[in-house]
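Text of upload_2.pdb (PDB, C-alpha atoms) as supplied:
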```pdb
MODEL        1
ATOM      1  CA  MET A   1      -6.032 -24.055   5.956
ATOM      2  CA  LEU A   2      -5.613 -22.666   2.496
ATOM      3  CA  ALA A   3      -5.927 -24.948  -0.504
ATOM      4  CA  PRO A   4      -2.935 -25.086  -2.880
ATOM      5  CA  LEU A   5      -4.968 -23.212  -5.496
ATOM      6  CA  HIS A   6      -5.666 -20.377  -3.053
ATOM      7  CA  LYS A   7      -1.975 -20.149  -2.160
ATOM      8  CA  HIS A   8      -1.013 -19.836  -5.812
ATOM      9  CA  LEU A   9      -3.625 -17.170  -6.399
ATOM     10  CA  LEU A  10      -2.393 -15.182  -3.384
ATOM     11  CA  ASN A  11       1.310 -15.412  -4.172
ATOM     12  CA  ASP A  12       1.728 -15.662  -7.917
ATOM     13  CA  TYR A  13      -0.403 -12.799  -9.206
ATOM     14  CA  GLN A  14       0.606  -9.804  -7.077
ATOM     15  CA  GLN A  15       2.843  -8.255  -9.734
ATOM     16  CA  ASP A  16       1.480  -9.284 -13.069
ATOM     17  CA  PHE A  17      -2.160 -10.167 -13.080
ATOM     18  CA  PRO A  18      -2.892 -11.018 -16.717
ATOM     19  CA  LEU A  19      -3.852  -8.035 -18.873
ATOM     20  CA  SER A  20      -5.793 -10.082 -21.405
ATOM     21  CA  PRO A  21      -9.529 -10.335 -22.190
ATOM     22  CA  THR A  22      -9.840 -13.521 -20.107
ATOM     23  CA  PRO A  23      -7.363 -13.208 -17.224
ATOM     24  CA  TYR A  24      -9.074 -15.773 -14.995
ATOM     25  CA  ARG A  25      -9.049 -18.348 -17.773
ATOM     26  CA  ASP A  26      -5.350 -17.617 -18.404
ATOM     27  CA  ILE A  27      -4.625 -18.218 -14.724
ATOM     28  CA  ALA A  28      -6.701 -21.406 -14.819
ATOM     29  CA  ASP A  29      -4.668 -22.652 -17.784
ATOM     30  CA  GLN A  30      -1.390 -21.822 -16.016
ATOM     31  CA  LEU A  31      -2.461 -23.688 -12.883
ATOM     32  CA  GLY A  32      -4.196 -26.581 -14.622
ATOM     33  CA  VAL A  33      -7.662 -25.971 -13.184
ATOM     34  CA  SER A  34     -10.935 -24.676 -14.618
ATOM     35  CA  GLU A  35     -11.846 -21.027 -15.000
ATOM     36  CA  ASP A  36     -14.853 -21.553 -12.709
ATOM     37  CA  GLU A  37     -12.571 -22.840  -9.962
ATOM     38  CA  VAL A  38     -10.381 -19.758 -10.243
ATOM     39  CA  LEU A  39     -13.383 -17.409 -10.163
ATOM     40  CA  ALA A  40     -14.864 -19.248  -7.173
ATOM     41  CA  ALA A  41     -11.526 -19.202  -5.338
ATOM     42  CA  PHE A  42     -11.020 -15.452  -5.865
ATOM     43  CA  LYS A  43     -14.594 -14.771  -4.722
ATOM     44  CA  SER A  44     -13.982 -16.824  -1.615
ATOM     45  CA  LEU A  45     -10.658 -15.072  -0.838
ATOM     46  CA  SER A  46     -12.374 -11.749  -1.288
ATOM     47  CA  GLU A  47     -15.341 -12.690   0.926
ATOM     48  CA  GLN A  48     -12.950 -13.898   3.628
ATOM     49  CA  HIS A  49     -11.084 -10.572   3.367
ATOM     50  CA  MET A  50      -7.830 -12.303   2.522
ATOM     51  CA  ILE A  51      -7.439 -10.055  -0.488
ATOM     52  CA  SER A  52      -8.410  -6.428  -0.508
ATOM     53  CA  ARG A  53      -8.702  -6.268  -4.298
ATOM     54  CA  ILE A  54      -7.271  -7.200  -7.653
ATOM     55  CA  GLY A  55      -6.152  -3.872  -8.981
ATOM     56  CA  PRO A  56      -3.513  -1.206  -9.206
ATOM     57  CA  VAL A  57      -0.993  -0.075  -6.653
ATOM     58  CA  ILE A  58      -0.223   3.463  -7.754
ATOM     59  CA  ALA A  59       3.356   4.717  -7.431
ATOM     60  CA  PRO A  60       3.462   7.162  -4.484
ATOM     61  CA  ASN A  61       3.039  10.809  -5.402
ATOM     62  CA  SER A  62       2.575  10.064  -9.097
ATOM     63  CA  ILE A  63      -1.061  11.132  -8.822
ATOM     64  CA  GLY A  64      -1.814  13.751  -6.227
ATOM     65  CA  CYS A  65       0.233  14.272  -3.111
ATOM     66  CA  SER A  66       0.461  11.993  -0.099
ATOM     67  CA  ALA A  67       2.141  11.896   3.270
ATOM     68  CA  LEU A  68       2.499   9.677   6.281
ATOM     69  CA  VAL A  69       1.243  11.505   9.340
ATOM     70  CA  ALA A  70       1.934  10.743  13.002
ATOM     71  CA  MET A  71       0.149  11.950  16.122
ATOM     72  CA  ALA A  72       0.737  11.494  19.840
ATOM     73  CA  VAL A  73      -2.696  10.968  21.377
ATOM     74  CA  PRO A  74      -3.471  10.058  25.006
ATOM     75  CA  GLU A  75      -4.748   6.485  25.195
ATOM     76  CA  ALA A  76      -8.117   7.563  26.582
ATOM     77  CA  ASP A  77      -8.760   9.779  23.559
ATOM     78  CA  LEU A  78      -7.321   7.516  20.877
ATOM     79  CA  ALA A  79     -10.499   5.766  19.730
ATOM     80  CA  ARG A  80     -12.325   9.067  19.210
ATOM     81  CA  VAL A  81      -9.436  10.672  17.332
ATOM     82  CA  ALA A  82      -8.856   7.582  15.178
ATOM     83  CA  GLU A  83     -12.516   7.457  14.240
ATOM     84  CA  GLN A  84     -12.574  11.131  13.304
ATOM     85  CA  ILE A  85      -9.505  10.697  11.127
ATOM     86  CA  SER A  86     -10.792   7.542   9.419
ATOM     87  CA  GLU A  87     -13.877   9.465   8.332
ATOM     88  CA  TYR A  88     -11.801  11.599   5.980
ATOM     89  CA  PRO A  89     -11.960  10.220   2.423
ATOM     90  CA  GLU A  90      -8.383  11.463   1.964
ATOM     91  CA  VAL A  91      -7.159   9.024   4.629
ATOM     92  CA  ASN A  92      -6.486   5.441   3.600
ATOM     93  CA  HIS A  93      -4.323   3.674   6.167
ATOM     94  CA  ASN A  94      -4.850   4.486   9.828
ATOM     95  CA  TYR A  95      -3.042   2.431  12.477
ATOM     96  CA  GLU A  96      -2.323   2.459  16.159
ATOM     97  CA  ARG A  97       1.357   1.765  16.825
ATOM     98  CA  GLU A  98       3.306   1.110  20.019
ATOM     99  CA  ASN A  99       5.103   4.398  20.505
ATOM    100  CA  ARG A 100       4.695   7.840  22.054
ATOM    101  CA  PHE A 101       3.536   8.692  18.517
ATOM    102  CA  ASN A 102       0.754   6.158  18.618
ATOM    103  CA  LEU A 103      -1.472   7.064  15.662
ATOM    104  CA  TRP A 104      -0.147   6.759  12.109
ATOM    105  CA  PHE A 105      -2.120   7.434   8.969
ATOM    106  CA  VAL A 106      -1.592   8.139   5.276
ATOM    107  CA  ALA A 107      -3.410  11.047   3.631
ATOM    108  CA  VAL A 108      -3.703  11.608  -0.125
ATOM    109  CA  ALA A 109      -4.913  14.842  -1.723
ATOM    110  CA  ASP A 110      -4.909  16.413  -5.185
ATOM    111  CA  ASP A 111      -1.916  18.614  -4.429
ATOM    112  CA  GLU A 112       0.351  19.876  -1.663
ATOM    113  CA  HIS A 113      -1.964  22.778  -0.809
ATOM    114  CA  GLN A 114      -5.003  20.550  -0.403
ATOM    115  CA  LEU A 115      -2.997  18.074   1.662
ATOM    116  CA  GLN A 116      -1.945  20.877   4.033
ATOM    117  CA  GLN A 117      -5.607  21.929   4.325
ATOM    118  CA  VAL A 118      -6.752  18.424   5.195
ATOM    119  CA  ILE A 119      -4.045  18.099   7.843
ATOM    120  CA  ALA A 120      -4.852  21.528   9.299
ATOM    121  CA  ASP A 121      -8.510  20.540   9.439
ATOM    122  CA  ILE A 122      -7.643  17.280  11.197
ATOM    123  CA  GLU A 123      -5.558  19.186  13.764
ATOM    124  CA  ILE A 124      -8.426  21.541  14.535
ATOM    125  CA  LYS A 125     -11.037  18.787  14.698
ATOM    126  CA  THR A 126      -8.994  16.422  16.868
ATOM    127  CA  GLY A 127      -7.122  18.991  18.950
ATOM    128  CA  TYR A 128      -3.725  17.338  18.409
ATOM    129  CA  THR A 129      -0.670  18.322  16.410
ATOM    130  CA  ALA A 130       0.138  16.301  13.312
ATOM    131  CA  MET A 131       3.692  15.465  12.256
ATOM    132  CA  LEU A 132       3.913  15.345   8.454
ATOM    133  CA  LEU A 133       6.340  12.820   7.014
ATOM    134  CA  PRO A 134       6.190  12.887   3.216
ATOM    135  CA  MET A 135       8.153  10.300   1.281
ATOM    136  CA  LEU A 136      11.418  11.677  -0.083
ATOM    137  CA  ALA A 137      12.664   8.501  -1.762
ATOM    138  CA  ASP A 138      11.328   5.003  -2.339
ATOM    139  CA  TYR A 139      14.104   2.409  -2.228
ATOM    140  CA  PHE A 140      11.954  -0.589  -2.785
ATOM    141  CA  ILE A 141      12.298  -2.384  -6.089
ATOM    142  CA  ASN A 142      11.269  -5.946  -5.319
ATOM    143  CA  LEU A 143       7.529  -5.316  -5.220
ATOM    144  CA  GLY A 144       4.681  -7.254  -3.742
ATOM    145  CA  PHE A 145       4.622  -9.437  -0.710
ATOM    146  CA  GLU A 146       5.981 -12.970  -0.614
ATOM    147  CA  LEU A 147       3.725 -14.970   1.659
ATOM    148  CA  ASN A 148       5.074 -17.947   3.487
ATOM    149  CA  LEU A 149       1.937 -20.053   3.439
ATOM    150  CA  HIS A 150       3.578 -23.359   4.188
ATOM    151  CA  ASP A 151       3.684 -23.126   7.955
TER     152      ASP A 151
ATOM    153  CA  MET B   1       1.392  11.306 -21.556
ATOM    154  CA  ILE B   2      -1.403  10.534 -19.108
ATOM    155  CA  ASP B   3      -4.788  11.778 -20.272
ATOM    156  CA  ALA B   4      -8.217  12.252 -18.747
ATOM    157  CA  VAL B   5      -9.360   8.806 -19.824
ATOM    158  CA  ASP B   6      -6.398   7.251 -17.980
ATOM    159  CA  TYR B   7      -7.482   8.984 -14.783
ATOM    160  CA  GLN B   8     -11.077   7.855 -15.268
ATOM    161  CA  LEU B   9      -9.827   4.337 -15.836
ATOM    162  CA  ILE B  10      -7.711   4.391 -12.659
ATOM    163  CA  ALA B  11     -10.696   5.707 -10.722
ATOM    164  CA  ALA B  12     -12.807   2.872 -12.141
ATOM    165  CA  VAL B  13     -10.394   0.057 -11.232
ATOM    166  CA  GLN B  14      -8.864   1.299  -7.987
ATOM    167  CA  LYS B  15     -11.421  -0.497  -5.835
ATOM    168  CA  GLY B  16     -10.817  -3.722  -7.711
ATOM    169  CA  LEU B  17     -11.309  -5.558 -10.948
ATOM    170  CA  PRO B  18     -14.606  -7.481 -11.152
ATOM    171  CA  ILE B  19     -14.314 -11.213 -10.543
ATOM    172  CA  ALA B  20     -16.042 -12.235 -13.774
ATOM    173  CA  ALA B  21     -15.054 -13.995 -16.986
ATOM    174  CA  ARG B  22     -14.448 -10.755 -18.929
ATOM    175  CA  PRO B  23     -13.533  -8.229 -16.218
ATOM    176  CA  TYR B  24     -11.937  -5.668 -18.532
ATOM    177  CA  ALA B  25     -15.073  -5.685 -20.705
ATOM    178  CA  VAL B  26     -17.146  -4.871 -17.587
ATOM    179  CA  VAL B  27     -14.857  -1.925 -16.801
ATOM    180  CA  ALA B  28     -14.902  -0.834 -20.446
ATOM    181  CA  GLU B  29     -18.680  -0.762 -20.543
ATOM    182  CA  ARG B  30     -18.827   1.516 -17.484
ATOM    183  CA  LEU B  31     -16.527   3.987 -19.219
ATOM    184  CA  SER B  32     -17.930   3.611 -22.753
ATOM    185  CA  LEU B  33     -14.587   2.316 -23.971
ATOM    186  CA  ASP B  34     -13.859  -0.979 -25.606
ATOM    187  CA  GLU B  35     -12.227  -3.877 -23.857
ATOM    188  CA  GLN B  36      -9.014  -3.760 -25.886
ATOM    189  CA  GLU B  37      -8.507  -0.071 -25.146
ATOM    190  CA  VAL B  38      -8.867  -0.705 -21.393
ATOM    191  CA  ILE B  39      -6.256  -3.449 -21.565
ATOM    192  CA  GLU B  40      -3.884  -1.342 -23.661
ATOM    193  CA  ARG B  41      -4.183   1.678 -21.383
ATOM    194  CA  LEU B  42      -3.587  -0.347 -18.223
ATOM    195  CA  SER B  43      -0.596  -2.052 -19.844
ATOM    196  CA  ARG B  44       0.845   1.321 -20.806
ATOM    197  CA  LEU B  45       0.289   2.829 -17.331
ATOM    198  CA  LYS B  46       2.058  -0.169 -15.866
ATOM    199  CA  SER B  47       5.034   0.041 -18.216
ATOM    200  CA  GLN B  48       5.245   3.799 -17.549
ATOM    201  CA  GLY B  49       5.489   3.026 -13.834
ATOM    202  CA  LEU B  50       2.434   5.007 -12.752
ATOM    203  CA  ILE B  51       0.872   1.664 -11.844
ATOM    204  CA  LYS B  52       3.615   0.259  -9.636
ATOM    205  CA  ARG B  53       2.057  -3.179  -9.755
ATOM    206  CA  TRP B  54      -1.130  -4.643 -11.165
ATOM    207  CA  GLY B  55      -2.491  -7.607  -9.314
ATOM    208  CA  VAL B  56      -3.700  -9.238  -6.145
ATOM    209  CA  VAL B  57      -3.418  -7.018  -3.073
ATOM    210  CA  VAL B  58      -3.388  -9.280  -0.014
ATOM    211  CA  LYS B  59      -4.507  -8.501   3.516
ATOM    212  CA  HIS B  60      -1.593  -9.516   5.698
ATOM    213  CA  ARG B  61      -3.437  -9.661   8.976
ATOM    214  CA  GLN B  62      -6.151 -11.936   7.669
ATOM    215  CA  LEU B  63      -3.460 -14.287   6.335
ATOM    216  CA  GLY B  64      -1.805 -14.713   9.710
ATOM    217  CA  TYR B  65       0.793 -11.947   9.375
ATOM    218  CA  ARG B  66      -0.323 -10.216  12.530
ATOM    219  CA  ALA B  67       3.000  -8.756  13.608
ATOM    220  CA  ASN B  68       3.738  -5.678  11.563
ATOM    221  CA  ALA B  69       6.624  -3.471  12.540
ATOM    222  CA  MET B  70       7.550  -0.117  11.135
ATOM    223  CA  ILE B  71      11.204   0.458  11.951
ATOM    224  CA  VAL B  72      12.579   3.978  11.869
ATOM    225  CA  MET B  73      16.301   4.738  11.810
ATOM    226  CA  ASN B  74      18.480   7.795  12.076
ATOM    227  CA  VAL B  75      21.231   7.317   9.492
ATOM    228  CA  PRO B  76      23.606   9.982   8.154
ATOM    229  CA  ASP B  77      21.847  11.942   5.382
ATOM    230  CA  GLU B  78      24.748  11.426   2.995
ATOM    231  CA  ARG B  79      24.429   7.643   3.366
ATOM    232  CA  VAL B  80      20.646   7.276   3.399
ATOM    233  CA  ALA B  81      20.364   6.278  -0.286
ATOM    234  CA  GLU B  82      23.099   3.666  -0.006
ATOM    235  CA  ILE B  83      21.700   2.188   3.219
ATOM    236  CA  GLY B  84      18.113   2.375   1.927
ATOM    237  CA  ALA B  85      19.054   0.449  -1.202
ATOM    238  CA  LYS B  86      20.721  -2.245   0.888
ATOM    239  CA  VAL B  87      17.885  -2.554   3.406
ATOM    240  CA  SER B  88      15.245  -2.780   0.685
ATOM    241  CA  GLN B  89      17.004  -5.778  -0.857
ATOM    242  CA  GLN B  90      16.523  -7.950   2.234
ATOM    243  CA  ALA B  91      13.777 -10.513   1.789
ATOM    244  CA  CYS B  92      11.995  -9.667   5.054
ATOM    245  CA  VAL B  93      11.564  -5.977   4.135
ATOM    246  CA  ASN B  94       8.364  -4.912   2.376
ATOM    247  CA  LEU B  95       8.786  -1.165   2.106
ATOM    248  CA  CYS B  96      11.694   1.193   2.523
ATOM    249  CA  TYR B  97      11.368   4.973   2.361
ATOM    250  CA  GLN B  98      13.352   8.066   3.145
ATOM    251  CA  ARG B  99      11.324  10.664   5.058
ATOM    252  CA  PRO B 100      12.396  14.000   6.541
ATOM    253  CA  SER B 101      13.689  13.896  10.109
ATOM    254  CA  GLN B 102      11.918  16.233  12.544
ATOM    255  CA  GLY B 103      14.834  17.430  14.652
ATOM    256  CA  ASP B 104      14.926  16.199  18.220
ATOM    257  CA  THR B 105      11.203  15.391  18.215
ATOM    258  CA  TRP B 106      11.658  12.596  15.691
ATOM    259  CA  PRO B 107      15.187  12.360  14.340
ATOM    260  CA  TYR B 108      14.564   9.435  11.972
ATOM    261  CA  ASN B 109      15.063   9.613   8.221
ATOM    262  CA  LEU B 110      14.848   5.990   7.045
ATOM    263  CA  TYR B 111      11.740   3.826   7.392
ATOM    264  CA  CYS B 112      11.228   0.166   6.629
ATOM    265  CA  MET B 113       8.441  -2.325   7.215
ATOM    266  CA  ILE B 114       8.631  -5.959   8.291
ATOM    267  CA  HIS B 115       5.533  -8.189   8.326
ATOM    268  CA  GLY B 116       5.734 -11.463  10.210
ATOM    269  CA  LYS B 117       3.603 -14.085  11.874
ATOM    270  CA  SER B 118       4.822 -13.198  15.361
ATOM    271  CA  ARG B 119       6.719 -10.445  17.186
ATOM    272  CA  GLU B 120       9.558 -12.878  17.879
ATOM    273  CA  VAL B 121      10.009 -13.593  14.174
ATOM    274  CA  VAL B 122       9.935  -9.902  13.289
ATOM    275  CA  LEU B 123      12.456  -8.972  15.995
ATOM    276  CA  GLN B 124      14.704 -11.826  14.902
ATOM    277  CA  GLN B 125      14.543 -10.578  11.306
ATOM    278  CA  TRP B 126      15.319  -7.059  12.467
ATOM    279  CA  GLN B 127      18.416  -8.289  14.332
ATOM    280  CA  GLU B 128      19.601 -10.086  11.221
ATOM    281  CA  LEU B 129      18.884  -7.017   9.127
ATOM    282  CA  GLN B 130      20.957  -4.848  11.475
ATOM    283  CA  GLN B 131      23.883  -7.242  11.128
ATOM    284  CA  VAL B 132      23.693  -7.713   7.369
ATOM    285  CA  CYS B 133      23.306  -3.986   6.691
ATOM    286  CA  ASP B 134      25.714  -2.710   9.386
ATOM    287  CA  LEU B 135      23.077  -0.715  11.224
ATOM    288  CA  ALA B 136      24.411  -1.175  14.759
ATOM    289  CA  ASP B 137      25.617   2.444  15.065
ATOM    290  CA  TYR B 138      22.299   4.048  14.271
ATOM    291  CA  ALA B 139      19.500   5.017  16.620
ATOM    292  CA  PHE B 140      16.212   3.287  15.808
ATOM    293  CA  GLU B 141      12.749   2.564  17.131
ATOM    294  CA  VAL B 142      10.532  -0.450  16.379
ATOM    295  CA  LEU B 143       6.844   0.445  16.150
ATOM    296  CA  PHE B 144       4.599  -2.612  16.147
ATOM    297  CA  SER B 145       1.097  -1.992  14.904
ATOM    298  CA  ARG B 146      -1.725  -2.496  17.351
ATOM    299  CA  ARG B 147      -5.223  -1.630  16.125
ATOM    300  CA  CYS B 148      -5.973  -1.138  12.438
ATOM    301  CA  PHE B 149      -8.601   1.603  12.178
ATOM    302  CA  LYS B 150      -8.673   1.808   8.400
ATOM    303  CA  GLN B 151      -6.932   0.106   5.518
ATOM    304  CA  ARG B 152      -7.718   0.391   1.852
ATOM    305  CA  GLY B 153      -6.028   1.392  -1.366
ATOM    306  CA  ALA B 154      -5.547   5.090  -1.941
ATOM    307  CA  LEU B 155      -8.590   6.609  -3.579
ATOM    308  CA  TYR B 156      -7.886   9.074  -6.343
ATOM    309  CA  ARG B 157     -10.720  11.395  -7.139
ATOM    310  CA  HIS B 158     -12.278  12.444 -10.387
ATOM    311  CA  ASN B 159     -11.101  16.036  -9.882
ATOM    312  CA  GLN B 160      -7.804  15.126 -11.429
ATOM    313  CA  ALA B 161      -9.534  13.826 -14.523
ATOM    314  CA  GLN B 162     -11.671  16.964 -14.575
ATOM    315  CA  ASP B 163      -8.584  19.168 -14.337
ATOM    316  CA  VAL B 164      -7.143  17.487 -17.364
ATOM    317  CA  LEU B 165     -10.414  17.817 -19.256
ATOM    318  CA  HIS B 166     -10.969  21.446 -18.453
ATOM    319  CA  GLY B 167      -7.496  22.661 -17.636
TER     320      GLY B 167
ENDMDL
END
```
Now that the file is in, can you turn its structure into structure tokens?
Amino acid sequence: MLAPLHKHLLNDYQQDFPLSPTPYRDIADQLGVSEDEVLAAFKSLSEQHMISRIGPVIAPNSIGCSALVAMAVPEADLARVAEQISEYPEVNHNYERENRFNLWFVAVADDEHQLQQVIADIEIKTGYTAMLLPMLADYFINLGFELNLHD
Amino acid sequence: MIDAVDYQLIAAVQKGLPIAARPYAVVAERLSLDEQEVIERLSRLKSQGLIKRWGVVVKHRQLGYRANAMIVMNVPDERVAEIGAKVSQQACVNLCYQRPSQGDTWPYNLYCMIHGKSREVVLQQWQELQQVCDLADYAFEVLFSRRCFKQRGALYRHNQAQDVLHG
């Protein structure tokens, strides 16, 4: 079970983490607890892998060039292929999904040319064709993720 | 507009702000900047929209959101912006993108993501979404995630900063 403080920290600071010299103290003041409690709670959430980081989410394609990539890989070969793909520093998300296209990953490179090279390299190394699905438009405005932590 | 120092700063914070009393001062020291400049630059990058959001990035799976569906739809190209805008406004939707359809192989051009605590909840939300957004006529597939092989924030390399410095 998450303590009320932890729930607030998870839900209330996804958009606008304070950009002030003492952000954790500001949060503590807003929530009526001590700065040490806030620091300890964030450390604990981080150690339990409930948060991946406090930091930036960069607008897609504003730095470098990224694409979602899908592959259809036979089940028996999936673990090997997934591992090979995860080793690329250009790859950040890499998921198995229930579909004939069962491996989905996101690759980010400096530019379009380098992205194409990385994908070509992945195709050669894994032996499977990659389907490139770059983002054409982002319709999402309401950012962040509202967690229902009450049930 | 965005200079080499901005790129260095993004590279320095992309793995996370230190959990310490003066986190921006810690970042500033690494980059030989002062604390106020770090704060001002991050604030500017955020207001410019390059930083889409600045804050806590949660791990859904660890928080009990184990059902994650990517839903792909084939909607008429001339209506994709209108439908995308509508879909993205629904509370259950986390992401909504247009991507190029791949002919018969993969005819879908609109993607959205629903995270939920169970498959049943996600499928229920998808049904409601189809009704509210009038999606009944369009072909779709629901792709639940199974194994997560890798998940982290995008890493931007120093090359970009170097290009600005030397370019």
Residues selected by the PyMOL selection byres ((chain B) within 6 of (chain A)), written as a PyMOL selection string: chain B and resi 14+16-17+22+39+50-59+62+84-85+88+95-99+143-152+154
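With CA of Ala130 (chain A) on one side and CA of Trp106 (chain B) on the other, the separation reads 12.3 Å.
Point (24.8, 0.9, 10.1) has the following residues at most 12 Å away: Met73, Asn74, Val75, Pro76, Arg79, Val80, Glu82, Ile83, Gly84, Lys86, Val87, Leu110, Gln127, Leu129, Gln130, Gln131, Val132, Cys133, Asp134, Leu135, Ala136, Asp137, Tyr138, Ala139 and Phe140 of chain B (atoms considered: only C-alpha atoms).
Interatomic distance, CA of Glu78 (chain B) against CA of Asp104 (chain B): 18.7 Å.
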Residue members of the PyMOL selection byres ((chain B and resi 42) around 9) in the file shown, as an NGL selection string: (:A and (19)) or (:B and (6 or 9-10 or 37-41 or 43-47 or 51 or 54))
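The gap separating CA of Ala70 (chain A) from CA of Lys117 (chain B) is 24.9 Å, in Å to one decimal.
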Spatial neighbours of Gly127 (chain A), max dist 12 Å, only C-alpha atoms, sep filter under 3 positions, as a VMD selection string: chain A and resid 71 to 74 77 to 78 80 to 81 84 to 85 119 to 124 130
Picked residues, the PyMOL selection byres ((chain B and resi 26) around 12), as an MDAnalysis selection string: (chainID A and resid 21:22) or (chainID B and resid 9 12:13 16:25 27:36 38:39)
Box for region 70-89 of chain B - axis-aligned, 8 Å on each of the six sides, all listed atoms - centre and size in Å to one decimal, as JSON.
```
{"center_x": 16.1, "center_y": 3.1, "center_z": 5.4, "size_x": 33.2, "size_y": 33.7, "size_z": 29.3}
```
